[in-house]
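Asker: Sharing a structure, written as structure tokens. Questions coming.
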Protein chains: 4
Amino acid sequence: MKIGKSTVPHTAICTSDEHTIVVRGQDLCHDLIGKLSFADYFFLLLTGRQPDAACSTVLNATLVAIAEHGLVPSVQASRMTFAAAPDALQGAVAAGILGCGSVILGASETAGRLFADVAARVDAGEALDDVAAATIRSLKENRQAIPGYGHPLHKANDPRVDRLVEVAAEAGADMRYVRIAQALERAIPDIVGRALRMNVSAAIPAVLLGVGFPVASLRGVPILARTAGLIAHLAEEAETPSGFALSYQATRELQYDGQVPAGFGSAA
Amino acid sequence: MKIGKSTVPHTAICTSDEHTIVVRGQDLCHDLIGKLSFADYFFLLLTGRQPDAACSTVLNATLVAIAEHGLVPSVQASRMTFAAAPDALQGAVAAGILGCGSVILGASETAGRLFADVAARVDAGEALDDVAAATIRSLKENRQAIPGYGHPLHKANDPRVDRLVEVAAEAGADMRYVRIAQALERAIPDIVGRALRMNVSAAIPAVLLGVGFPVASLRGVPILARTAGLIAHLAEEAETPSGFALSYQATRELQYDGQVPAGFGSAA
Amino acid sequence: MKIGKSTVPHTAICTSDEHTIVVRGQDLCHDLIGKLSFADYFFLLLTGRQPDAACSTVLNATLVAIAEHGLVPSVQASRMTFAAAPDALQGAVAAGILGCGSVILGASETAGRLFADVAARVDAGEALDDVAAATIRSLKENRQAIPGYGHPLHKANDPRVDRLVEVAAEAGADMRYVRIAQALERAIPDIVGRALRMNVSAAIPAVLLGVGFPVASLRGVPILARTAGLIAHLAEEAETPSGFALSYQATRELQYDGQVPAGFGSAA
Amino acid sequence: MKIGKSTVPHTAICTSDEHTIVVRGQDLCHDLIGKLSFADYFFLLLTGRQPDAACSTVLNATLVAIAEHGLVPSVQASRMTFAAAPDALQGAVAAGILGCGSVILGASETAGRLFADVAARVDAGEALDDVAAATIRSLKENRQAIPGYGHPLHKANDPRVDRLVEVAAEAGADMRYVRIAQALERAIPDIVGRALRMNVSAAIPAVLLGVGFPVASLRGVPILARTAGLIAHLAEEAETPSGFALSYQATRELQYDGQVPAGFGSAA
């Protein structure tokens, strides 16, 4: 069935013949394997460009920052899935990745789009602090969350934020989007009525946009990073299972709000 | 509901408080972000150990080798999924990962287990070439595929194999499992009746087992690597869609083998 | 980690003790197994109410209407996934379900929300045809697709539409949302400039909302229905494989738009 | 890339032109919508045959029996995924289906294959109780679980078993596989050393194989059934969220077994 206008698929990422695999215009075996780190190759795959040194440093730092934060909901989902279906590692990884959505890890992309919008208005001549205040006010009026600010555990300070900013500065990255993220942070208390500090999902786009990472692919960073963390958790699950124990604990205080038939529970 | 024996979950990967995130015993922000590459961090998450230089080189090389090979079935599945559900990048990545199964990318793990078995028998005193021949004979008798040998496109020679072996040798890796893989390759023609050359799914465990990568997590390497490739393909799909065009082409020669009601097609 | 306000989980769907499983207030074994059809049970699970006869008839009809339409993209994705990972049926089903997104099968829900909005304005006193025209104009001005109208194959008439409307009328369902859907269809040509006829994704909410199916769960209907179709396709794939053949055909006319290294292809 | 022998895809499930959709040889709109229940259509899609009355009754009963059992691990995984990614209902359903694996819901298929093997040996002339005892002994010697026997909650008696057997008998189904399942149950205490009663995953194949359901598709029954339950749980999750509360409870007693840096926790 023909859906959409085009019937001929196109790609500019990879082609190959029997002897050679070409990726982004280069010979995979001759030019890339053994010469490029995995994170740099990810950037090349995504953009067609080799990252410069600052970009490589910052991208690796963000991937390390977001790969792992313990038994968060998506890791629990992944370990429970593996416990129930241990033959299919790929299925348990997929279940974990499916939790990288708008509420939890997708905030990196939403925050990045916000920063890009602020940058465009500043480029058009508005003052940064005015745009920042207007942006926060607009989110508040539309009852939208401020993506990348506030954290359920790291309330006063997400320690990954300062470290990522420090790494970016030392690497010589463009710090423009960090300044935008900080301006938004300063604007929050007066408008929202309480301080909400930058969390890692604001810091990641703040440093990555400054080294040329494409805003449209920001969600790919937590997805790739968490895949590494999930594989580690599933290796641990295979050795020392916790998936069913997590599921048991989760329902110990479960409240059933529905009705029961006459006599239910009386014989138990 | 209590399933299994344990009701208390355990982990040794990560813990945190409001100020500090601890991963594998180290302070994430102080010791790891900006100091470790993403691939090295993957190894640390998985094993609790920092990789040495040879391990880091070889692991990066394998991840680069397997991340991308064009519009293979799992990439097609991922791009079609994204075309149908463009709001959920994580869903399209998950669909692609679900194709990293026993037939396509899981061969890395199956081959690795085979190499480990051969190594154990050699350690117990048998000659390598005898064990190799016995292993191939046993697979043939049980009508099982030889995991990691033969490739639908790279028939004479998978170019990634020689390059990965070269990188491992230059990095000073233990080449023992490479020699095992090569012994199996030598044993194939006489027993199977035709040459089947090592493909990338044999080369990956051959070089990784020599630098201490755990055999039980070998399938994690293609899964992590392909996640990077999938994210790149989905970025391309968002810009220049091909998912529906692939699906259109796929069925142009589709043959319907069932029955049709009287008159079907006559008015078309 | 505490995310959100509540720390105690609640449910009103099911509870159980050693002897009895209670679903929506009834004894699963005594009251439901053998007494309720699967589709009726789906409605009970979802709403807590038993469907009346009209609801049962219409719900079954919609599930039958949308379960299968040949080798559509999500079925291709599922069969390719199974070919690559045949040990994990659940993974191939999941890959197919992941394509039930906003563009393809999610239109049932989007169209249903549109119909509910129109109904609310009519309840508030506006004339149906005025609201219909205003709705289509608003979608056009915002460059949004009209969800549930137009079909790539069934251009003049999606045969499932008339049949679903007929089944609903014969079952004695409330036809109000069908009339709304038809009013939108009438409004399209003048405003859009060409006729776009109702497709199955408009007919499904049009008939289901009239029998009390909750608008918020409309996307569940194509998801449940397609799961049945996917399981059938995967049973066929296990017997007579087509997944890799689909993938081969899909790329026969693939165009590579990137660069190649000097000499690429010359030896092939 | 050509993988495998065939390059032309085939199907016998569905074909269509602009006016007619043909499913299993019948006109979807004329012959099926409004005339067949969803469960009967599932059987038709799967086998190409319309189910008889006994088959229809038994298939509906098994789908109702297995669709829902409260906040089991796969439902928890699904609700946590939805909490993190509420825009993608299909992703949360997929995450729940990925837990229908070998340990939890896949037992229906494994038990069914066991019953079919026993039936084949009885057909070849062996006595049922001898084959049953030999089968249990063989599983015990290979340290394999007995699929479909024993339940973590319903220890003395899974109430769904008696009810499914009763429904099958009343519907006039062939009870042969029920007798096989019961023979295995009788053989367990002497050989295993304790009674393990049939659970729902034994009862499902026991009754379904007697009405002609294909053994190779048995895993499809819990997958389809649980999809209905998952959609209901996700509708509840959207109204009264519990996903993050489950995740919070799950880790309240989590034990961290790894090391911590000097000073960790002292300032908390």
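Letters for chains follow the order of the structure tokens (A, B, ...), residue numbers begin at 1 for each chain, and ligand numbers begin at 1 in the order shown.
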Can you tell me, as a compact mmCIF listing (two decimals) with all heavy atoms, in the first residue's frame, what residues are no more than 12 Å from range 260-263 of chain B when counting only C-alpha atoms, ignoring any on the same chain fewer than 5 positions away?

Answerer:
# COMPACT_ATOMS: atom_id res chain seq x y z
N ALA B 268 -12.18 -3.94 -10.16
CA ALA B 268 -11.08 -3.03 -9.81
C ALA B 268 -10.48 -2.38 -11.06
O ALA B 268 -10.47 -2.97 -12.13
CB ALA B 268 -10.01 -3.77 -9.03
N ALA D 12 -1.19 -15.86 3.14
CA ALA D 12 -2.51 -16.41 2.83
C ALA D 12 -3.56 -15.85 3.78
O ALA D 12 -4.66 -16.37 3.88
CB ALA D 12 -2.48 -17.94 2.92
N ILE D 13 -3.23 -14.76 4.48
CA ILE D 13 -4.16 -14.23 5.48
C ILE D 13 -5.11 -13.21 4.89
O ILE D 13 -6.32 -13.27 5.10
CB ILE D 13 -3.37 -13.65 6.68
CG1 ILE D 13 -2.57 -14.77 7.38
CG2 ILE D 13 -4.32 -12.98 7.66
CD1 ILE D 13 -1.68 -14.31 8.51
N CYS D 14 -4.56 -12.25 4.14
CA CYS D 14 -5.40 -11.11 3.73
C CYS D 14 -4.91 -10.55 2.41
O CYS D 14 -3.71 -10.47 2.17
CB CYS D 14 -5.33 -10.04 4.82
SG CYS D 14 -6.24 -8.53 4.48
N THR D 15 -5.85 -10.17 1.56
CA THR D 15 -5.54 -9.35 0.39
C THR D 15 -6.67 -8.34 0.23
O THR D 15 -7.71 -8.46 0.88
CB THR D 15 -5.35 -10.22 -0.88
OG1 THR D 15 -4.81 -9.40 -1.92
CG2 THR D 15 -6.68 -10.82 -1.35
N SER D 16 -6.46 -7.34 -0.59
CA SER D 16 -7.52 -6.33 -0.74
C SER D 16 -7.35 -5.58 -2.04
O SER D 16 -6.27 -5.57 -2.65
CB SER D 16 -7.48 -5.34 0.44
OG SER D 16 -6.21 -4.75 0.54
N ASP D 17 -8.46 -5.02 -2.51
CA ASP D 17 -8.37 -4.02 -3.56
C ASP D 17 -9.12 -2.78 -3.05
O ASP D 17 -9.41 -2.69 -1.85
CB ASP D 17 -8.91 -4.53 -4.91
CG ASP D 17 -10.38 -4.88 -4.86
OD1 ASP D 17 -11.09 -4.46 -3.91
OD2 ASP D 17 -10.84 -5.57 -5.78
N HIS D 19 -12.04 -1.86 -3.23
CA HIS D 19 -13.43 -2.02 -2.78
C HIS D 19 -13.65 -3.13 -1.76
O HIS D 19 -14.66 -3.13 -1.07
CB HIS D 19 -14.34 -2.27 -4.00
CG HIS D 19 -14.19 -1.21 -5.04
ND1 HIS D 19 -14.65 0.07 -4.84
CD2 HIS D 19 -13.56 -1.21 -6.23
CE1 HIS D 19 -14.34 0.81 -5.90
NE2 HIS D 19 -13.66 0.06 -6.75
N THR D 20 -12.74 -4.08 -1.70
CA THR D 20 -12.99 -5.29 -0.92
C THR D 20 -11.74 -5.67 -0.12
O THR D 20 -10.62 -5.61 -0.65
CB THR D 20 -13.36 -6.46 -1.86
OG1 THR D 20 -14.41 -6.04 -2.73
CG2 THR D 20 -13.81 -7.68 -1.07
N ILE D 21 -11.94 -6.06 1.13
CA ILE D 21 -10.87 -6.62 1.94
C ILE D 21 -11.20 -8.10 2.16
O ILE D 21 -12.28 -8.42 2.66
CB ILE D 21 -10.76 -5.88 3.29
CG1 ILE D 21 -10.45 -4.40 3.05
CG2 ILE D 21 -9.70 -6.52 4.17
CD1 ILE D 21 -10.68 -3.51 4.27
N VAL D 22 -10.28 -8.96 1.73
CA VAL D 22 -10.49 -10.40 1.84
C VAL D 22 -9.65 -10.94 2.98
O VAL D 22 -8.44 -10.72 3.02
CB VAL D 22 -10.09 -11.11 0.52
CG1 VAL D 22 -10.25 -12.63 0.66
CG2 VAL D 22 -10.91 -10.58 -0.65
N VAL D 23 -10.27 -11.62 3.93
CA VAL D 23 -9.54 -12.24 5.03
C VAL D 23 -9.85 -13.72 5.05
O VAL D 23 -11.03 -14.11 5.12
CB VAL D 23 -9.91 -11.61 6.38
CG1 VAL D 23 -9.20 -12.33 7.52
CG2 VAL D 23 -9.56 -10.13 6.41
N ARG D 24 -8.82 -14.52 4.95
CA ARG D 24 -8.98 -15.98 4.97
C ARG D 24 -10.09 -16.42 4.00
O ARG D 24 -10.95 -17.25 4.32
CB ARG D 24 -9.29 -16.45 6.39
CG ARG D 24 -8.12 -16.31 7.35
CD ARG D 24 -6.98 -17.19 6.94
NE ARG D 24 -5.90 -17.28 7.94
CZ ARG D 24 -4.76 -17.93 7.71
NH1 ARG D 24 -4.53 -18.51 6.55
NH2 ARG D 24 -3.81 -17.98 8.63
N GLY D 25 -10.07 -15.79 2.82
CA GLY D 25 -10.98 -16.21 1.75
C GLY D 25 -12.37 -15.61 1.81
O GLY D 25 -13.19 -15.84 0.92
N GLN D 26 -12.66 -14.84 2.85
CA GLN D 26 -13.99 -14.26 2.98
C GLN D 26 -13.94 -12.73 2.87
O GLN D 26 -12.91 -12.12 3.11
CB GLN D 26 -14.59 -14.67 4.32
CG GLN D 26 -14.69 -16.20 4.44
CD GLN D 26 -15.48 -16.62 5.65
OE1 GLN D 26 -16.64 -16.28 5.78
NE2 GLN D 26 -14.83 -17.35 6.53
N ASP D 27 -15.08 -12.17 2.51
CA ASP D 27 -15.18 -10.71 2.39
C ASP D 27 -15.37 -10.13 3.79
O ASP D 27 -16.40 -10.35 4.44
CB ASP D 27 -16.39 -10.40 1.49
CG ASP D 27 -16.57 -8.90 1.26
OD1 ASP D 27 -16.28 -8.10 2.18
OD2 ASP D 27 -17.05 -8.52 0.17
N LEU D 28 -14.36 -9.39 4.26
CA LEU D 28 -14.39 -8.88 5.64
C LEU D 28 -15.70 -8.17 5.95
O LEU D 28 -16.32 -8.41 6.99
CB LEU D 28 -13.20 -7.92 5.86
CG LEU D 28 -13.18 -7.15 7.19
CD1 LEU D 28 -13.02 -8.08 8.38
CD2 LEU D 28 -12.02 -6.14 7.20
N CYS D 29 -16.12 -7.27 5.05
CA CYS D 29 -17.28 -6.44 5.38
C CYS D 29 -18.59 -7.22 5.21
O CYS D 29 -19.52 -7.05 5.99
CB CYS D 29 -17.28 -5.19 4.49
SG CYS D 29 -15.83 -4.17 4.84
N HIS D 30 -18.64 -8.05 4.21
CA HIS D 30 -19.88 -8.77 3.92
C HIS D 30 -20.08 -9.98 4.83
O HIS D 30 -21.19 -10.27 5.27
CB HIS D 30 -19.88 -9.19 2.44
CG HIS D 30 -21.21 -9.65 1.93
ND1 HIS D 30 -21.59 -10.97 1.94
CD2 HIS D 30 -22.25 -8.96 1.43
CE1 HIS D 30 -22.81 -11.08 1.45
NE2 HIS D 30 -23.23 -9.87 1.13
N ASP D 31 -18.99 -10.70 5.10
CA ASP D 31 -19.12 -12.00 5.76
C ASP D 31 -18.72 -12.01 7.23
O ASP D 31 -19.10 -12.94 7.96
CB ASP D 31 -18.23 -13.04 5.04
CG ASP D 31 -18.58 -13.16 3.56
OD1 ASP D 31 -19.76 -13.03 3.22
OD2 ASP D 31 -17.65 -13.38 2.76

Asker: Please provide the set of residues having any atom within 12 Å of Val8 in chain A, restricted to only C-alpha atoms, with same-chain residues fewer than 4 positions apart removed, written as a list in words.

Answerer: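 Contacts, in chain order: Lys2, Ile3 and Gly4 of chain A; Thr240, Pro241, Ser242, Gly243, Phe244, Ala245, Leu246, Ser247, Tyr248, Gln249, Ala250 and Arg252 of chain B; Gln249, Ala250, Thr251, Arg252, Glu253, Leu254, Gln255 and Tyr256 of chain C.
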
Asker: Please dump the current selection as a compact mmCIF listing (two decimals), in the first residue's frame; keep N, CA, C and O atoms.

Answerer:
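Saved result, result.txt, follows:
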# COMPACT_ATOMS: atom_id res chain seq x y z
N LYS A 2 0.54 2.20 -0.81
CA LYS A 2 1.33 3.43 -0.89
C LYS A 2 0.80 4.41 0.16
O LYS A 2 -0.33 4.86 0.10
N ILE A 3 1.63 4.75 1.14
CA ILE A 3 1.28 5.74 2.15
C ILE A 3 2.25 6.90 1.98
O ILE A 3 3.46 6.68 1.97
N GLY A 4 1.76 8.11 1.85
CA GLY A 4 2.64 9.25 1.66
C GLY A 4 3.04 9.39 0.20
O GLY A 4 2.58 8.66 -0.67
N THR B 240 14.08 13.05 6.27
CA THR B 240 13.77 12.55 4.93
C THR B 240 13.16 11.16 5.07
O THR B 240 13.86 10.16 5.06
N PRO B 241 11.82 11.12 5.18
CA PRO B 241 11.14 9.85 5.49
C PRO B 241 11.33 8.78 4.42
O PRO B 241 11.25 9.07 3.22
N SER B 242 11.61 7.56 4.86
CA SER B 242 11.67 6.41 3.97
C SER B 242 10.87 5.22 4.49
O SER B 242 10.74 4.22 3.78
N GLY B 243 10.34 5.31 5.69
CA GLY B 243 9.69 4.15 6.32
C GLY B 243 8.52 3.62 5.50
O GLY B 243 8.42 2.40 5.26
N PHE B 244 7.64 4.50 5.05
CA PHE B 244 6.50 4.02 4.26
C PHE B 244 6.93 3.59 2.86
O PHE B 244 6.34 2.69 2.28
N ALA B 245 7.95 4.23 2.32
CA ALA B 245 8.46 3.82 1.00
C ALA B 245 9.05 2.41 1.09
O ALA B 245 8.84 1.58 0.20
N LEU B 246 9.77 2.12 2.16
CA LEU B 246 10.29 0.76 2.35
C LEU B 246 9.15 -0.25 2.39
O LEU B 246 9.21 -1.32 1.79
N SER B 247 8.11 0.12 3.13
CA SER B 247 6.97 -0.77 3.28
C SER B 247 6.24 -0.97 1.95
O SER B 247 5.77 -2.07 1.62
N TYR B 248 6.16 0.08 1.15
CA TYR B 248 5.54 -0.03 -0.17
C TYR B 248 6.34 -0.98 -1.07
O TYR B 248 5.80 -1.90 -1.69
N GLN B 249 7.65 -0.77 -1.12
CA GLN B 249 8.50 -1.61 -1.95
C GLN B 249 8.44 -3.07 -1.51
O GLN B 249 8.47 -3.99 -2.33
N ALA B 250 8.38 -3.27 -0.19
CA ALA B 250 8.46 -4.62 0.35
C ALA B 250 7.36 -5.52 -0.18
O ALA B 250 7.53 -6.74 -0.30
N ARG B 252 5.63 -5.05 -3.17
CA ARG B 252 5.32 -4.91 -4.61
C ARG B 252 5.20 -6.26 -5.29
O ARG B 252 4.47 -6.41 -6.25
N GLN C 249 13.10 -7.15 -0.54
CA GLN C 249 12.35 -6.36 -1.54
C GLN C 249 12.38 -4.87 -1.20
O GLN C 249 12.44 -4.02 -2.09
N ALA C 250 12.29 -4.57 0.08
CA ALA C 250 12.16 -3.17 0.51
C ALA C 250 13.31 -2.31 0.03
O ALA C 250 13.15 -1.10 -0.18
N THR C 251 14.48 -2.92 -0.11
CA THR C 251 15.67 -2.13 -0.43
C THR C 251 16.15 -2.32 -1.87
O THR C 251 17.23 -1.85 -2.22
N ARG C 252 15.35 -3.00 -2.70
CA ARG C 252 15.82 -3.24 -4.07
C ARG C 252 16.01 -1.94 -4.84
O ARG C 252 16.87 -1.86 -5.72
N GLU C 253 15.22 -0.94 -4.55
CA GLU C 253 15.37 0.34 -5.25
C GLU C 253 15.92 1.43 -4.34
O GLU C 253 15.80 2.62 -4.64
N LEU C 254 16.52 1.01 -3.24
CA LEU C 254 17.08 1.98 -2.29
C LEU C 254 18.12 2.86 -2.98
O LEU C 254 18.99 2.39 -3.70
N GLN C 255 18.01 4.17 -2.73
CA GLN C 255 19.01 5.10 -3.27
C GLN C 255 19.90 5.61 -2.15
O GLN C 255 19.41 6.08 -1.13
N TYR C 256 21.20 5.49 -2.38
CA TYR C 256 22.16 5.99 -1.41
C TYR C 256 22.56 7.40 -1.83
O TYR C 256 23.05 7.61 -2.94

Asker: Do me a favour and pick out the residues of chain C within 6 Å of chain B, using only C-alpha atoms, as a compact mmCIF listing (two decimals) with all heavy atoms, in the first residue's frame.

Answerer:
# COMPACT_ATOMS: atom_id res chain seq x y z
N PRO C 73 2.67 -1.64 7.35
CA PRO C 73 4.01 -1.45 7.92
C PRO C 73 4.22 -2.12 9.28
O PRO C 73 5.26 -2.74 9.51
CB PRO C 73 4.12 0.09 8.03
CG PRO C 73 3.25 0.60 6.93
CD PRO C 73 2.10 -0.37 6.82
N ALA C 77 7.04 -4.88 10.16
CA ALA C 77 8.01 -4.71 11.24
C ALA C 77 8.00 -5.91 12.17
O ALA C 77 9.04 -6.41 12.60
CB ALA C 77 7.71 -3.42 12.02
N MET C 80 9.54 -9.05 10.33
CA MET C 80 11.00 -8.92 10.25
C MET C 80 11.64 -9.17 11.62
O MET C 80 12.69 -9.80 11.72
CB MET C 80 11.38 -7.52 9.76
CG MET C 80 11.07 -7.27 8.30
SD MET C 80 11.57 -5.56 7.86
CE MET C 80 10.75 -5.41 6.26
N THR C 81 11.00 -8.67 12.66
CA THR C 81 11.53 -8.87 14.01
C THR C 81 11.50 -10.34 14.39
O THR C 81 12.47 -10.87 14.96
CB THR C 81 10.71 -8.04 15.02
OG1 THR C 81 10.75 -6.67 14.63
CG2 THR C 81 11.23 -8.19 16.43
N ALA C 84 14.26 -12.32 12.75
CA ALA C 84 15.57 -12.09 13.36
C ALA C 84 15.65 -12.66 14.77
O ALA C 84 16.73 -12.99 15.25
CB ALA C 84 15.88 -10.59 13.39
N ALA C 85 14.51 -12.78 15.44
CA ALA C 85 14.49 -13.21 16.85
C ALA C 85 13.32 -14.17 17.08
O ALA C 85 12.40 -13.87 17.79
CB ALA C 85 14.38 -11.99 17.76
N GLY C 91 8.31 -10.44 21.71
CA GLY C 91 9.07 -9.31 21.18
C GLY C 91 8.57 -8.89 19.81
O GLY C 91 8.48 -7.69 19.51
N ALA C 95 6.90 -5.33 18.84
CA ALA C 95 7.39 -4.48 17.75
C ALA C 95 6.23 -4.04 16.86
O ALA C 95 6.18 -2.90 16.40
CB ALA C 95 8.45 -5.22 16.93
N LEU C 98 4.10 -1.36 18.59
CA LEU C 98 4.76 -0.05 18.67
C LEU C 98 4.46 0.82 17.46
O LEU C 98 4.65 2.04 17.50
CB LEU C 98 6.27 -0.24 18.86
CG LEU C 98 6.64 -0.72 20.26
CD1 LEU C 98 8.09 -1.19 20.33
CD2 LEU C 98 6.39 0.37 21.30
N GLY C 99 3.96 0.22 16.37
CA GLY C 99 3.55 1.00 15.21
C GLY C 99 2.10 1.48 15.25
O GLY C 99 1.62 2.05 14.28
N GLY C 101 0.63 4.09 16.32
CA GLY C 101 0.91 5.42 16.84
C GLY C 101 0.00 6.47 16.26
O GLY C 101 -1.06 6.18 15.71
N SER C 102 0.43 7.71 16.37
CA SER C 102 -0.44 8.83 16.01
C SER C 102 -0.80 8.83 14.52
O SER C 102 -1.90 9.22 14.15
CB SER C 102 0.24 10.14 16.40
OG SER C 102 1.54 10.20 15.84
N VAL C 103 0.10 8.40 13.64
CA VAL C 103 -0.17 8.51 12.21
C VAL C 103 -1.08 7.40 11.72
O VAL C 103 -2.01 7.64 10.96
CB VAL C 103 1.16 8.50 11.41
CG1 VAL C 103 0.89 8.38 9.91
CG2 VAL C 103 1.94 9.77 11.69
N ILE C 104 -0.84 6.18 12.13
CA ILE C 104 -1.59 5.06 11.55
C ILE C 104 -2.84 4.72 12.36
O ILE C 104 -3.95 5.08 11.99
CB ILE C 104 -0.68 3.82 11.39
CG1 ILE C 104 0.50 4.15 10.47
CG2 ILE C 104 -1.48 2.65 10.86
CD1 ILE C 104 0.21 4.08 9.00
N LEU C 246 10.60 -9.76 2.68
CA LEU C 246 10.07 -8.39 2.72
C LEU C 246 11.21 -7.39 2.81
O LEU C 246 11.22 -6.36 2.12
CB LEU C 246 9.14 -8.21 3.92
CG LEU C 246 7.78 -8.91 3.84
CD1 LEU C 246 7.14 -8.99 5.22
CD2 LEU C 246 6.86 -8.18 2.87
N SER C 247 12.16 -7.69 3.66
CA SER C 247 13.27 -6.77 3.87
C SER C 247 14.16 -6.68 2.63
O SER C 247 14.67 -5.61 2.28
CB SER C 247 14.04 -7.25 5.10
OG SER C 247 15.41 -7.15 4.94
N GLN C 249 13.10 -7.15 -0.54
CA GLN C 249 12.35 -6.36 -1.54
C GLN C 249 12.38 -4.87 -1.20
O GLN C 249 12.44 -4.02 -2.09
CB GLN C 249 10.89 -6.83 -1.59
CG GLN C 249 10.70 -8.25 -2.10
CD GLN C 249 10.92 -8.37 -3.61
OE1 GLN C 249 10.87 -7.38 -4.33
NE2 GLN C 249 11.19 -9.58 -4.07
N ALA C 250 12.29 -4.57 0.08
CA ALA C 250 12.16 -3.17 0.51
C ALA C 250 13.31 -2.31 0.03
O ALA C 250 13.15 -1.10 -0.18
CB ALA C 250 12.04 -3.10 2.03

Asker: Between CA of Ala173 in chain C and CA of Ile204 in chain C, what distance in Å does the model show, to one decimal?

Answerer: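 The value is 13.0 Å.
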
Asker: I'd like the neighbourhood of Leu44 in chain D as JSON, numbers by chain, where a residue qualifies if any of its atoms comes within 12 Å (using only C-alpha atoms), though same-chain residues fewer than 4 positions away should be ignored.

Answerer: {"C": [64, 67, 68, 228, 229, 231, 232, 233], "D": [12, 13, 14, 23, 24, 25, 26, 28, 32, 36, 37, 38, 39, 40, 48, 49, 50, 51, 52, 55, 56, 59, 212, 213, 214]}

Asker: Take the residues from that selection and write them out as a PDB file, in the first residue's frame, keeping C-alpha atoms.

Answerer:
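The file below, result11.pdb, is the result:
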ATOM      1  CA  VAL C  64     -13.101  -7.451  13.755  1.00  0.00           C
ATOM      2  CA  ALA C  67      -7.673  -6.412  13.361  1.00  0.00           C
ATOM      3  CA  GLU C  68      -6.251  -7.148   9.940  1.00  0.00           C
ATOM      4  CA  ALA C 228      -4.816 -10.701  17.245  1.00  0.00           C
ATOM      5  CA  GLY C 229      -3.755 -10.007  13.664  1.00  0.00           C
ATOM      6  CA  ILE C 231      -0.275 -13.289  16.368  1.00  0.00           C
ATOM      7  CA  ALA C 232      -1.799 -14.782  13.210  1.00  0.00           C
ATOM      8  CA  HIS C 233       0.915 -13.272  11.019  1.00  0.00           C
TER       9      HIS C 233
ATOM     10  CA  ALA D  12      -2.513 -16.411   2.828  1.00  0.00           C
ATOM     11  CA  ILE D  13      -4.157 -14.233   5.483  1.00  0.00           C
ATOM     12  CA  CYS D  14      -5.399 -11.113   3.731  1.00  0.00           C
ATOM     13  CA  VAL D  23      -9.536 -12.237   5.029  1.00  0.00           C
ATOM     14  CA  ARG D  24      -8.983 -15.980   4.969  1.00  0.00           C
ATOM     15  CA  GLY D  25     -10.979 -16.208   1.751  1.00  0.00           C
ATOM     16  CA  GLN D  26     -13.987 -14.256   2.980  1.00  0.00           C
ATOM     17  CA  LEU D  28     -14.387  -8.879   5.643  1.00  0.00           C
ATOM     18  CA  LEU D  32     -17.344 -11.178   8.992  1.00  0.00           C
ATOM     19  CA  LEU D  36     -18.351 -13.090  14.082  1.00  0.00           C
ATOM     20  CA  SER D  37     -17.200 -12.376  17.622  1.00  0.00           C
ATOM     21  CA  PHE D  38     -13.667 -11.038  18.115  1.00  0.00           C
ATOM     22  CA  ALA D  39     -12.430 -14.285  19.682  1.00  0.00           C
ATOM     23  CA  ASP D  40     -13.855 -16.336  16.800  1.00  0.00           C
ATOM     24  CA  GLY D  48      -8.172 -20.211   8.387  1.00  0.00           C
ATOM     25  CA  ARG D  49     -11.110 -22.106   9.904  1.00  0.00           C
ATOM     26  CA  GLN D  50     -14.236 -20.869  11.684  1.00  0.00           C
ATOM     27  CA  PRO D  51     -14.373 -22.311  15.205  1.00  0.00           C
ATOM     28  CA  ASP D  52     -17.251 -24.621  16.112  1.00  0.00           C
ATOM     29  CA  CYS D  55     -14.111 -24.128  20.344  1.00  0.00           C
ATOM     30  CA  SER D  56     -15.647 -20.677  20.575  1.00  0.00           C
ATOM     31  CA  LEU D  59     -11.376 -20.048  23.570  1.00  0.00           C
ATOM     32  CA  GLY D 212      -8.341 -27.817  17.780  1.00  0.00           C
ATOM     33  CA  PHE D 213      -6.330 -24.764  18.815  1.00  0.00           C
ATOM     34  CA  PRO D 214      -2.838 -25.071  17.264  1.00  0.00           C
TER      35      PRO D 214
END

Asker: Can you work out the spacing between CA of Leu184 in chain A and CA of Ala132 in chain A in Å, to one decimal?

Answerer: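 Spanning CA of Leu184 in chain A to CA of Ala132 in chain A is a straight-line distance of 5.0 Å.
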
Asker: Distance CA of Ala156 in chain C-CA of Phe264 in chain B, one decimal place?

Answerer: 17.2 Å

Asker: Residues of range 6-231 of chain A classed as strand (DSSP E or B) by DSSP on the backbone are to be reported as a list in words.

Answerer: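 Result set for range 6-231 of chain A (strand (DSSP E or B)): His10, Thr11, Cys14, Thr15, Ser16, Ile21, Val22, Val23, Gln26, Asp27, Tyr149 and Met198 of chain A.
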